[in-house]
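Novice: Please find one structure pasted underneath; my questions will follow.
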Amino acid sequence: MGSSGEFDEFFRRQLAPLVAFVRRAGFGVEQSKDAAQEAMTRAYQEWSGLRSPRAWVRTVAYRAAIVESARAQEGVLRAVSGGWTVSTHHDPDVVTLGEEHERLLEALASLPDRQRLVLAWHLDGFDYLEIADHLDTSPTTVRSNLRHARNALKARFATRTR
């Protein structure tokens, strides 16, 4: 791709949107931050060979979040089966999102995984063809998932406003 100066600019401009993407894809704040950092670290290592870094880091971050989620779930299951107490520690340094943003994330979490993922890509400005390419599916499937996600969200918000 280019120089480390280009990567520095990419990192500066894309880290926050990448964290937001992973959040919209259904993961928690800390998990999203960790996944974004991991993706950026790997992007730095692969920088000269990346053809579409913005999409590449989203794919890597999403996969990293899935792996971490599975590890965390496995750890919780082990802790519960071992009779350990699960901590409910509250970190005051974690940024609290606005009520509307929390409702949106809650609504997104109600969607099936694939619809939520396609919508997260779409909300980050990727078109049908780009999403299809990076998710290894057809543009028709992307459009269908996006349509179903929009309909589900419309129904959810219409119900709330009555």
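Chain labels follow the order of the structure tokens: the first chain is A, the next B, and so on; residue numbering restarts at 1 in every chain, and ligands are counted from 1 in their shown order.
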Please list as a ChimeraX atom specification every residue within 6 Å of region 19-36 of chain A, counting only C-alpha atoms and excluding residues in the same chain fewer than 2 positions away.

Specialist: /A:16-17,38-39,61,64-65,109,116-117,120

Novice: Rounded to one decimal place, report the CA of Thr59 (chain A)-CA of Phe126 (chain A) distance in Å.

Specialist: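 About the pair CA of Thr59 (chain A) and CA of Phe126 (chain A): they are 12.5 Å apart.
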
Novice: Any idea what the distance is between CA of Arg103 (chain A) and CA of Leu15 (chain A)?

Specialist: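 So the two atoms, CA of Arg103 (chain A) and CA of Leu15 (chain A), lie 22.8 Å apart.
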
Novice: Go through region 2-54 of chain A residue by residue and, counting only C-alpha atoms, keep those with an atom at most 12 Å from region 129-141 of chain A; for each kept residue give the shortest atom pair and its distance in Å to one decimal, ordered by chain and increasing number, as JSON lines.

Specialist:
{"residue": "A:Ser52", "atom": "CA", "partner": "A:His134", "partner_atom": "CA", "distance": 9.9}
{"residue": "A:Pro53", "atom": "CA", "partner": "A:His134", "partner_atom": "CA", "distance": 11.5}
{"residue": "A:Arg54", "atom": "CA", "partner": "A:His134", "partner_atom": "CA", "distance": 10.9}
